[in-house]
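Data block for upload.cif (mmCIF, C-alpha atoms):
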```
data_protein
loop_
_atom_site.group_PDB
_atom_site.id
_atom_site.type_symbol
_atom_site.label_atom_id
_atom_site.label_comp_id
_atom_site.auth_asym_id
_atom_site.auth_seq_id
_atom_site.Cartn_x
_atom_site.Cartn_y
_atom_site.Cartn_z
ATOM 1 C CA MET A 1 -18.980 6.952 6.436
ATOM 2 C CA LYS A 2 -21.193 5.920 3.557
ATOM 3 C CA THR A 3 -21.547 5.831 -0.189
ATOM 4 C CA ASP A 4 -24.740 4.926 -2.016
ATOM 5 C CA ARG A 5 -24.036 1.201 -1.688
ATOM 6 C CA PHE A 6 -21.417 0.810 1.058
ATOM 7 C CA THR A 7 -20.621 1.725 4.638
ATOM 8 C CA LEU A 8 -17.142 1.887 6.164
ATOM 9 C CA LYS A 9 -16.773 0.814 9.799
ATOM 10 C CA GLU A 10 -13.478 0.880 11.671
ATOM 11 C CA ILE A 11 -12.101 -2.617 12.170
ATOM 12 C CA GLU A 12 -12.415 -3.903 15.738
ATOM 13 C CA ASP A 13 -11.226 -7.054 17.521
ATOM 14 C CA ARG A 14 -14.669 -8.635 17.169
ATOM 15 C CA ASP A 15 -14.193 -8.617 13.365
ATOM 16 C CA ILE A 16 -11.531 -11.339 13.522
ATOM 17 C CA GLU A 17 -13.658 -14.014 11.818
ATOM 18 C CA LEU A 18 -14.487 -11.657 8.935
ATOM 19 C CA ILE A 19 -10.823 -10.736 8.517
ATOM 20 C CA HIS A 20 -9.785 -14.383 8.777
ATOM 21 C CA ARG A 21 -12.218 -15.407 6.044
ATOM 22 C CA GLY A 22 -10.528 -12.981 3.645
ATOM 23 C CA LEU A 23 -6.909 -13.327 4.701
ATOM 24 C CA SER A 24 -7.009 -17.134 4.767
ATOM 25 C CA ASP A 25 -8.297 -17.267 1.174
ATOM 26 C CA GLU A 26 -5.399 -17.810 -1.222
ATOM 27 C CA ARG A 27 -7.273 -15.964 -3.976
ATOM 28 C CA VAL A 28 -7.298 -12.843 -1.784
ATOM 29 C CA THR A 29 -3.737 -13.155 -0.499
ATOM 30 C CA LYS A 30 -2.082 -14.287 -3.745
ATOM 31 C CA HIS A 31 -0.611 -10.795 -4.208
ATOM 32 C CA TYR A 32 -0.811 -9.758 -0.569
ATOM 33 C CA ALA A 33 1.991 -9.634 1.991
ATOM 34 C CA VAL A 34 0.157 -11.756 4.561
ATOM 35 C CA HIS A 35 -1.768 -15.028 4.723
ATOM 36 C CA PHE A 36 -3.359 -16.438 7.887
ATOM 37 C CA PRO A 37 -4.432 -20.085 7.592
ATOM 38 C CA THR A 38 -5.947 -20.265 11.095
ATOM 39 C CA LEU A 39 -8.120 -18.003 13.200
ATOM 40 C CA GLU A 40 -5.363 -18.036 15.814
ATOM 41 C CA ASP A 41 -2.871 -16.766 13.196
ATOM 42 C CA THR A 42 -5.263 -13.941 12.302
ATOM 43 C CA LYS A 43 -4.773 -12.454 15.784
ATOM 44 C CA GLU A 44 -1.472 -11.088 14.435
ATOM 45 C CA GLN A 45 -3.379 -9.051 11.840
ATOM 46 C CA MET A 46 -5.862 -7.826 14.431
ATOM 47 C CA GLU A 47 -2.948 -6.662 16.608
ATOM 48 C CA TRP A 48 -1.522 -4.873 13.563
ATOM 49 C CA TYR A 49 -4.813 -3.001 13.030
ATOM 50 C CA ALA A 50 -4.922 -2.069 16.740
ATOM 51 C CA ASP A 51 -1.277 -0.918 16.706
ATOM 52 C CA LEU A 52 -1.928 1.342 13.725
ATOM 53 C CA LYS A 53 -4.630 3.132 15.664
ATOM 54 C CA LYS A 54 -2.725 3.177 18.967
ATOM 55 C CA ASN A 55 0.490 4.498 17.401
ATOM 56 C CA GLY A 56 -1.242 6.935 15.058
ATOM 57 C CA THR A 57 0.315 5.296 12.001
ATOM 58 C CA GLY A 58 -2.912 4.434 10.216
ATOM 59 C CA ALA A 59 -6.428 3.045 10.369
ATOM 60 C CA TRP A 60 -8.400 0.396 8.497
ATOM 61 C CA TRP A 61 -12.116 0.018 7.891
ATOM 62 C CA GLY A 62 -14.378 -2.870 7.017
ATOM 63 C CA ILE A 63 -16.392 -2.357 3.844
ATOM 64 C CA TYR A 64 -20.038 -3.372 4.294
ATOM 65 C CA SER A 65 -23.000 -3.494 1.949
ATOM 66 C CA SER A 66 -25.395 -0.745 3.079
ATOM 67 C CA GLU A 67 -28.342 -2.830 1.907
ATOM 68 C CA THR A 68 -27.505 -6.161 3.588
ATOM 69 C CA ASN A 69 -24.778 -5.143 6.105
ATOM 70 C CA GLU A 70 -22.656 -7.944 4.591
ATOM 71 C CA PHE A 71 -18.885 -7.594 5.014
ATOM 72 C CA CYS A 72 -17.196 -7.284 1.606
ATOM 73 C CA GLY A 73 -13.564 -6.588 2.494
ATOM 74 C CA ALA A 74 -11.326 -3.971 4.065
ATOM 75 C CA GLY A 75 -9.300 -0.910 3.206
ATOM 76 C CA GLY A 76 -7.287 1.742 4.930
ATOM 77 C CA PHE A 77 -4.037 3.516 5.574
ATOM 78 C CA ASN A 78 -0.782 2.378 7.093
ATOM 79 C CA GLY A 79 2.729 3.803 7.123
ATOM 80 C CA LEU A 80 1.280 7.210 7.997
ATOM 81 C CA ASP A 81 4.173 9.669 7.810
ATOM 82 C CA ARG A 82 3.011 12.949 9.336
ATOM 83 C CA ALA A 83 6.385 14.655 8.755
ATOM 84 C CA ASN A 84 5.937 14.209 4.996
ATOM 85 C CA ASN A 85 2.105 14.150 4.868
ATOM 86 C CA LYS A 86 1.866 10.776 3.163
ATOM 87 C CA ALA A 87 0.522 7.282 3.816
ATOM 88 C CA GLU A 88 0.230 3.944 2.098
ATOM 89 C CA ILE A 89 -3.214 2.715 1.115
ATOM 90 C CA GLY A 90 -4.241 -0.915 1.096
ATOM 91 C CA PHE A 91 -7.401 -2.861 0.390
ATOM 92 C CA TRP A 92 -8.756 -6.319 -0.241
ATOM 93 C CA LEU A 93 -12.153 -7.800 -1.053
ATOM 94 C CA TYR A 94 -13.759 -11.209 -0.771
ATOM 95 C CA PRO A 95 -13.647 -12.796 -4.259
ATOM 96 C CA GLU A 96 -17.425 -12.758 -4.686
ATOM 97 C CA PHE A 97 -17.254 -8.947 -4.652
ATOM 98 C CA TRP A 98 -14.494 -8.569 -7.251
ATOM 99 C CA GLY A 99 -15.408 -6.628 -10.380
ATOM 100 C CA MET A 100 -18.407 -4.867 -8.835
ATOM 101 C CA GLY A 101 -16.905 -1.357 -8.782
ATOM 102 C CA ILE A 102 -16.604 -1.316 -4.991
ATOM 103 C CA LEU A 103 -13.167 0.272 -4.886
ATOM 104 C CA LYS A 104 -14.149 2.946 -7.369
ATOM 105 C CA GLU A 105 -17.049 3.843 -5.080
ATOM 106 C CA VAL A 106 -15.294 3.497 -1.708
ATOM 107 C CA MET A 107 -11.903 5.044 -2.525
ATOM 108 C CA PRO A 108 -13.222 8.617 -2.701
ATOM 109 C CA LEU A 109 -14.240 8.239 0.969
ATOM 110 C CA LEU A 110 -10.732 7.095 1.830
ATOM 111 C CA PHE A 111 -9.265 9.952 -0.215
ATOM 112 C CA GLN A 112 -11.453 12.409 1.671
ATOM 113 C CA LEU A 113 -10.310 10.965 4.989
ATOM 114 C CA GLY A 114 -6.690 11.033 3.916
ATOM 115 C CA PHE A 115 -6.522 14.401 2.229
ATOM 116 C CA GLU A 116 -8.920 16.321 4.462
ATOM 117 C CA ASN A 117 -8.898 14.662 7.899
ATOM 118 C CA LEU A 118 -5.300 13.411 7.975
ATOM 119 C CA ASN A 119 -3.963 16.363 5.944
ATOM 120 C CA LEU A 120 -2.117 14.064 3.553
ATOM 121 C CA ASN A 121 -0.551 15.397 0.394
ATOM 122 C CA ARG A 122 0.269 11.966 -1.043
ATOM 123 C CA ILE A 123 -1.340 8.529 -0.911
ATOM 124 C CA GLU A 124 0.832 5.675 -2.129
ATOM 125 C CA GLY A 125 0.013 2.187 -3.311
ATOM 126 C CA PHE A 126 2.634 -0.560 -3.557
ATOM 127 C CA VAL A 127 1.510 -3.404 -5.821
ATOM 128 C CA GLU A 128 3.171 -6.656 -6.815
ATOM 129 C CA ASN A 129 4.188 -6.236 -10.439
ATOM 130 C CA THR A 130 2.070 -9.213 -11.541
ATOM 131 C CA ASN A 131 -1.129 -8.020 -9.827
ATOM 132 C CA TYR A 132 -2.687 -6.637 -12.999
ATOM 133 C CA LYS A 133 -6.230 -6.357 -11.613
ATOM 134 C CA CYS A 134 -5.086 -4.184 -8.712
ATOM 135 C CA LYS A 135 -2.954 -1.977 -10.933
ATOM 136 C CA SER A 136 -5.883 -1.516 -13.302
ATOM 137 C CA ALA A 137 -8.177 -0.642 -10.376
ATOM 138 C CA LEU A 138 -5.710 1.991 -9.113
ATOM 139 C CA GLU A 139 -5.434 3.562 -12.555
ATOM 140 C CA LYS A 140 -9.244 3.772 -12.778
ATOM 141 C CA ILE A 141 -9.289 5.894 -9.610
ATOM 142 C CA ASN A 142 -6.596 8.289 -10.841
ATOM 143 C CA PHE A 143 -3.471 6.838 -9.272
ATOM 144 C CA SER A 144 -0.367 7.443 -11.376
ATOM 145 C CA TYR A 145 2.232 4.770 -12.006
ATOM 146 C CA GLU A 146 5.568 6.109 -10.748
ATOM 147 C CA GLY A 147 7.963 3.236 -11.267
ATOM 148 C CA THR A 148 9.034 -0.257 -10.327
ATOM 149 C CA LEU A 149 11.156 -1.333 -7.392
ATOM 150 C CA ARG A 150 12.975 -4.263 -8.955
ATOM 151 C CA GLU A 151 13.385 -7.422 -6.879
ATOM 152 C CA CYS A 152 12.741 -5.457 -3.688
ATOM 153 C CA GLU A 153 10.851 -8.137 -1.750
ATOM 154 C CA ILE A 154 11.069 -11.873 -1.248
ATOM 155 C CA LYS A 155 7.913 -13.969 -1.281
ATOM 156 C CA ASP A 156 7.909 -17.750 -1.191
ATOM 157 C CA GLY A 157 11.683 -17.699 -1.662
ATOM 158 C CA ASN A 158 11.536 -15.633 -4.852
ATOM 159 C CA TYR A 159 12.386 -12.000 -5.471
ATOM 160 C CA LEU A 160 9.519 -9.923 -6.772
ATOM 161 C CA ASP A 161 9.138 -6.514 -8.329
ATOM 162 C CA VAL A 162 6.784 -3.961 -6.772
ATOM 163 C CA ASP A 163 5.163 -1.140 -8.729
ATOM 164 C CA ILE A 164 4.592 2.211 -7.064
ATOM 165 C CA TYR A 165 1.383 4.155 -7.650
ATOM 166 C CA ALA A 166 0.384 7.448 -6.040
ATOM 167 C CA ILE A 167 -2.252 10.131 -6.039
ATOM 168 C CA LEU A 168 -1.553 13.668 -4.855
ATOM 169 C CA LYS A 169 -4.024 15.959 -3.130
ATOM 170 C CA LYS A 170 -3.884 18.426 -6.039
ATOM 171 C CA ASP A 171 -4.791 15.614 -8.470
ATOM 172 C CA TRP A 172 -7.720 14.525 -6.282
ATOM 173 C CA GLU A 173 -9.096 18.055 -5.972
ATOM 174 C CA LYS A 174 -9.411 18.507 -9.764
#
```

Is it possible to give me this structure as structure tokens?
Amino acid sequence: MKTDRFTLKEIEDRDIELIHRGLSDERVTKHYAVHFPTLEDTKEQMEWYADLKKNGTGAWWGIYSSETNEFCGAGGFNGLDRANNKAEIGFWLYPEFWGMGILKEVMPLLFQLGFENLNLNRIEGFVENTNYKCKSALEKINFSYEGTLRECEIKDGNYLDVDIYAILKKDWEK
């Protein structure tokens, strides 16, 4: 799957060092639910990716520069609910690729996969309330803010609010 500037490749076990580089960087994981300080710890994330595929509950792809084949980050679906035709979307990028319009370019590919291949009607994004850059990025690609789950998660011993964003198939098709 390709855009003008990027290629998506399904994440495989051999990508562990690329995933570790991102998910051990506190700038990347500041608003993320996981952080893996060691390569050994990152095996847990790789098992999670494999379980998504094995159980049919999602899939994640590495985002690569088409020009240099450099890994930029990852994105995909989890929480795939076939009974209700919905899934949660997630993504992260190495900091040196922030602000380059990558998500705006890559997300339409993920929408196509979700809405056409997986027959989704709804794609959801759950974002820490203080992650303003992510919320802004979602709004730029036509996600709608639907509300806030107040103090619904605990991170570092503190309750945090999570904002819900979603895009529906009918909104994407317009």

If you count all atoms listed in the file, the residue of A:Met1, A:Ile16, A:Val127, A:Leu113 closest to Glu153 (chain A) turns out to be A:Val127

Output of the PyMOL selection byres ((chain A and resi 109) around 12), listed as a list in words: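 For this structure, the PyMOL selection byres ((chain A and resi 109) around 12) resolves to Met1, Lys2, Thr3, Asp4, Phe6, Thr7, Leu8, Lys9, Trp61, Ile63, Gly75, Gly76, Ile102, Leu103, Lys104, Glu105, Val106, Met107, Pro108, Leu110, Phe111, Gln112, Leu113, Gly114, Phe115, Glu116, Asn117, Ile141 and Trp172 of chain A.
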
Selection dump of the PyMOL selection byres ((chain A and resi 43-59) around 9), as a PyMOL selection string: chain A and resi 10-13+15-16+19-20+34+36+39-42+60-61+75-82+87-88

Export, as an mmCIF file, keeping the file's coordinate frame, the selected residues with C-alpha atoms.
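Result written to selection19.cif:
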```
data_model
loop_
_atom_site.group_PDB
_atom_site.id
_atom_site.type_symbol
_atom_site.label_atom_id
_atom_site.label_comp_id
_atom_site.auth_asym_id
_atom_site.auth_seq_id
_atom_site.Cartn_x
_atom_site.Cartn_y
_atom_site.Cartn_z
ATOM 1 C CA GLU A 10 -13.478 0.880 11.671
ATOM 2 C CA ILE A 11 -12.101 -2.617 12.170
ATOM 3 C CA GLU A 12 -12.415 -3.903 15.738
ATOM 4 C CA ASP A 13 -11.226 -7.054 17.521
ATOM 5 C CA ASP A 15 -14.193 -8.617 13.365
ATOM 6 C CA ILE A 16 -11.531 -11.339 13.522
ATOM 7 C CA ILE A 19 -10.823 -10.736 8.517
ATOM 8 C CA HIS A 20 -9.785 -14.383 8.777
ATOM 9 C CA VAL A 34 0.157 -11.756 4.561
ATOM 10 C CA PHE A 36 -3.359 -16.438 7.887
ATOM 11 C CA LEU A 39 -8.120 -18.003 13.200
ATOM 12 C CA GLU A 40 -5.363 -18.036 15.814
ATOM 13 C CA ASP A 41 -2.871 -16.766 13.196
ATOM 14 C CA THR A 42 -5.263 -13.941 12.302
ATOM 15 C CA TRP A 60 -8.400 0.396 8.497
ATOM 16 C CA TRP A 61 -12.116 0.018 7.891
ATOM 17 C CA GLY A 75 -9.300 -0.910 3.206
ATOM 18 C CA GLY A 76 -7.287 1.742 4.930
ATOM 19 C CA PHE A 77 -4.037 3.516 5.574
ATOM 20 C CA ASN A 78 -0.782 2.378 7.093
ATOM 21 C CA GLY A 79 2.729 3.803 7.123
ATOM 22 C CA LEU A 80 1.280 7.210 7.997
ATOM 23 C CA ASP A 81 4.173 9.669 7.810
ATOM 24 C CA ARG A 82 3.011 12.949 9.336
ATOM 25 C CA ALA A 87 0.522 7.282 3.816
ATOM 26 C CA GLU A 88 0.230 3.944 2.098
#
```

Quick one: contact table of region 98-131 of chain A to region 160-163 of chain A, 9 Å max, nearest atom pair and distance in Å to one decimal per residue, counting only C-alpha atoms, chain and number order, as CSV?
```
residue,atom,partner,partner_atom,distance
A:Gly125,CA,A:Asp163,CA,8.2
A:Phe126,CA,A:Asp163,CA,5.8
A:Val127,CA,A:Asp163,CA,5.2
A:Glu128,CA,A:Val162,CA,4.5
A:Asn129,CA,A:Val162,CA,5.0
A:Thr130,CA,A:Asp161,CA,8.2
```

Taking only C-alpha atoms into account, name the residue in A:Ser66, A:Asn131, A:Asn84, A:Asn119 that is nearest to His31 (chain A).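 Comparing A:Ser66, A:Asn131, A:Asn84, A:Asn119 against His31 (chain A), the winner is A:Asn131.
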
Around the point (-13.1, -11.3, -5.3) (coordinates from the file), which residues reach within 10 Å if we count all atoms listed in the file? Answer as a count of residues only. 14

Around (-0.5, 17.2, -2.0) in the file's frame, which residues reach within 8 Å when counting only C-alpha atoms? Return as a list of chain:residue names?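 I get A:Asn85, A:Phe115, A:Leu120, A:Asn121, A:Arg122, A:Leu168, A:Lys169, A:Lys170, A:Asp171 for the residues within 8 Å of that point.
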
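Candidate residues A:Lys86, A:Glu70, A:Phe91, A:His35 were compared for distance to Cys134 (chain A), and the nearest is A:Phe91, using all atoms listed in the file.
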
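Among A:Leu18, A:Tyr132, A:Gly157, A:Ile167, the residue with the shortest atom-to-atom distance to Ser144 (chain A), counting only C-alpha atoms, is A:Ile167.
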
Which of these residues is nearest to Ile89 (chain A), using all atoms listed in the file: A:Glu124, A:Ile154, A:Arg14, A:Tyr159? A:Glu124

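Interatomic distance, CA of Thr38 (chain A) to CA of Thr68 (chain A): 26.8 Å.
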
Find, counting only C-alpha atoms, the residue in A:Glu173, A:Arg150, A:Leu118, A:Asn158 that gets nearest to Ala83 (chain A).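 The closest residue to Ala83 (chain A) is A:Leu118.
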
To one decimal place in Å, what is the distance between CA of Asp25 (chain A) and CA of Ala74 (chain A)?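 Atom-to-atom, CA of Asp25 (chain A) and CA of Ala74 (chain A) are spaced 13.9 Å apart.
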
How many Å lie between CA of Cys152 (chain A) and CA of Ser136 (chain A), rounded to one decimal?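 Here the two named atoms are 21.3 Å from each other.
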